[in-house]
Amino acid sequence: MAENNENALAGKAPAKPKPASGGVYKPPVERQSSNPLKACCTTADIGEWFAERFYVVLPIIDYLKKKEVPKHRLSFWYYFGGLALFFFMIQVVSGLLLLQYYKPTEADAYASFVFIQKEVSFGWLIRQVHAWSANLMIMMVFVHLFSTFFMKSYRKPRELMWLSGSVLFVLCLGFGFTGYLLPWNEIAYFATQVGTEVPKVMPGGDLVVNLLRGGEAVTGETLTRMFSLHVVMLPGLLLLMLAAHLMLVQIHGTSTPIGYKERGLVKGYEKFFPTFMAKDAIGWMLGFGLIIYLSWVYPGEIGLKADPLSPAPMGIKPEWYFWAQFLLLKDFSFPNGEFIAIILVTAGAVFWALIPFLDHRASREEKSPIFTIIGLLYLAGLLINTYRVFAVYGF
Ligand code: HEM
């Protein structure tokens, strides 16, 4: 050690460490810096200043600068993942602002919503933005899910993008479900009662219902659970999954539909940064304009405060993105029908999530019309059932 110190003082490379008596390894005092930029730059340039401190990420930035996106007649569909991301960011910001005034208790939740809507400066706007952006985010996720499906973007090596996307999809629906109860109004209360009742028909379902509700019935305990899921657990899980999803997008780049390269249908490539991102930004600005327009022109009502003792109003239904499953449960209202419906929906979802591992033809870059037909059947089923609910109940 002393020898190393002397060498370091004399500006020499440290001598190879010798095991001290007793065989204990003592590390050299001085080490060569692994930062190639150390002390190479003046602090006059802010970019260089940061480069010296974050030199480890420079190769990643270089890699991203080289990233390119293929241009072809279906390139338009590449913007929907980014739009879902944009609406998610709006959700985070508007949600944090709402949290400044929202009180998650049975006694105060409704009153705090009325206060935000009527008393807080621009509170009404933030509330409407949060509600509309939630709907638009889920809509964009649906479009993104089906567009990546029909372009077979899930094929090798993007299987994990699809799987992480599938988890993101479930988390997004979870956000919608848990957020619905928070205003503690009549519709939300009874819709949550119906929604949390669903697992009851399954073996061991009572336990799940109890876990969701924090008891037998929908009460303030349920509100506490939905609130903690909505603002802590789901955002945490979504951020983790989103980080994995976006990292995989960067590693594997954007896919091209099967056969497009071979048939000369790819008209070239554009730089992700800045060209594609600039176009993304135009989409985000249009999306922001749309949210403000919808919030201004079609503000959602708060409704009446939930009264657990009053009878459920007529026409209780969940949010539009659950309509297809809601109708399936109604269609299957024969003995054990609801149980069969839940099995069907779960099996359908698991099959959908595993598609990259089942569609071997697509992974060999061959067309797989059977999977295209399966996708069309899923889409048609969703749209027809959603429309049927709309036709009976309206919005
Ligand atoms: C919060 C929800 C989600 C966000 C924010 C998100 C974000 C993104 C972004 C920004 C991209 C790159 C641009 C693009 O191709 O659109 C992407 C790609 C992709 N996403 Fe998502 N995504 C989400 C959910 C999903 C879902 C539900 C699926 C399907 C189950 C999915 C599957 C994919 C696939 C396969 C790609 C690669 C596309 C390609 O290479 O052509 N994502 N996602």
# chains A, B, ... in the order shown; residues from 1 in each chain; ligands from 1

$ residues_around --residues "range 99-104 of chain A" --least-positions-apart "6" --cutoff "8 Å" --atoms "only C-alpha atoms" --output "JSON, numbers by chain"
{"A": [112, 113, 116, 182, 223, 224, 227]}

$ write_last_selection --atoms "C-alpha atoms" --output "mmCIF file, in the first residue's frame"
data_model
loop_
_atom_site.group_PDB
_atom_site.id
_atom_site.type_symbol
_atom_site.label_atom_id
_atom_site.label_comp_id
_atom_site.auth_asym_id
_atom_site.auth_seq_id
_atom_site.Cartn_x
_atom_site.Cartn_y
_atom_site.Cartn_z
ATOM 1 C CA SER A 112 -63.771 17.662 -2.790
ATOM 2 C CA PHE A 113 -64.713 16.962 -6.416
ATOM 3 C CA ILE A 116 -62.333 21.292 -7.520
ATOM 4 C CA LEU A 182 -63.037 8.186 -6.969
ATOM 5 C CA LEU A 223 -62.645 3.816 -1.996
ATOM 6 C CA THR A 224 -59.354 3.583 -0.059
ATOM 7 C CA PHE A 227 -57.452 5.172 -4.525
#

$ residues_near_ligand --ligand "ligand 1" --cutoff "7 Å" --atoms "only C-alpha atoms and all ligand atoms" --output "ChimeraX atom specification"
/A:77-82,84-85,88,141-142,144-145,148,153-154,158,161-163,165-166,168-169,172,242,245-246,249,253-256,353

$ residues_around --residues "Glu68 in chain A" --least-positions-apart "5" --cutoff "10 Å" --atoms "only C-alpha atoms" --output "list in words"
Gly253, Thr254, Gly268, Tyr269, Glu270, Lys271, Phe272, Phe273, Thr275 and Phe276 of chain A

$ atom_distance --atom1 "CA of Ser121 in chain A" --atom2 "CA of Ile90 in chain A"
18.4 Å

$ residues_around --residues "Glu221 in chain A" --least-positions-apart "3" --cutoff "12 Å" --atoms "only C-alpha atoms" --output "number ranges by chain"
A: 104-107, 181-182, 210-218, 224-228

$ residues_around --residues "Asn135 in chain A" --least-positions-apart "6" --cutoff "12 Å" --atoms "only C-alpha atoms" --output "ChimeraX atom specification"
/A:84,87-88,90-91,128-129,141-142,172-173,175-177,179-180,290-291,294-295,300,319-322

$ residues_around --residues "Tyr293 in chain A" --least-positions-apart "6" --cutoff "12 Å" --atoms "only C-alpha atoms" --output "PyMOL selection string"
chain A and resi 125+128-129+132-133+286-287+299

$ closest_residue --among "A:Pro313, A:Pro274, A:Pro199, A:Pro183" --to "Lys66 in chain A" --atoms "only C-alpha atoms"
A:Pro274

$ closest_residue --among "A:Phe150, A:Leu58, A:Ala312, A:Ala391" --to "Ile374 in chain A" --atoms "only C-alpha atoms"
A:Phe150

$ select_by_dssp --residues "range 245-282 of chain A" --states "alpha helix (DSSP H)" --output "list in words"
His245, Leu246, Met247, Leu248, Val249, Gln250, Ile251, His252, Met277, Ala278, Lys279, Asp280, Ala281 and Ile282 of chain A

$ write_last_selection --atoms "C-alpha atoms" --output "PDB file, in the first residue's frame"
ATOM      1  CA  HIS A 245     -41.551  -1.559 -23.501  1.00  0.00           C
ATOM      2  CA  LEU A 246     -39.836   1.615 -24.695  1.00  0.00           C
ATOM      3  CA  MET A 247     -36.372   0.179 -24.113  1.00  0.00           C
ATOM      4  CA  LEU A 248     -37.267  -2.796 -26.313  1.00  0.00           C
ATOM      5  CA  VAL A 249     -38.632  -0.412 -28.965  1.00  0.00           C
ATOM      6  CA  GLN A 250     -35.238   1.329 -28.983  1.00  0.00           C
ATOM      7  CA  ILE A 251     -33.239  -1.912 -29.046  1.00  0.00           C
ATOM      8  CA  HIS A 252     -35.164  -3.596 -31.880  1.00  0.00           C
ATOM      9  CA  MET A 277     -40.031  12.933 -33.336  1.00  0.00           C
ATOM     10  CA  ALA A 278     -41.002  16.257 -34.908  1.00  0.00           C
ATOM     11  CA  LYS A 279     -43.942  14.542 -36.634  1.00  0.00           C
ATOM     12  CA  ASP A 280     -44.782  12.826 -33.327  1.00  0.00           C
ATOM     13  CA  ALA A 281     -44.813  16.281 -31.714  1.00  0.00           C
ATOM     14  CA  ILE A 282     -47.328  17.531 -34.313  1.00  0.00           C
TER      15      ILE A 282
END

$ closest_residue --among "A:Pro318, A:Pro157, A:Leu240, A:Val120" --to "Thr178 in chain A" --atoms "only C-alpha atoms"
A:Pro318

$ atom_distance --atom1 "CA of His230 in chain A" --atom2 "CA of Tyr378 in chain A"
28.2 Å

$ residues_around --residues "range 335-342 of chain A" --least-positions-apart "2" --cutoff "12 Å" --atoms "only C-alpha atoms" --output "MDAnalysis selection string"
chainID A and resid 197:203 205 324:333 344:349

$ atom_distance --atom1 "CA of Leu304 in chain A" --atom2 "CA of Ala191 in chain A"
13.8 Å

$ closest_residue --among "A:Leu376, A:Ile384, A:Ile61, A:Ile302" --to "Ala109 in chain A" --atoms "only C-alpha atoms"
A:Ile302
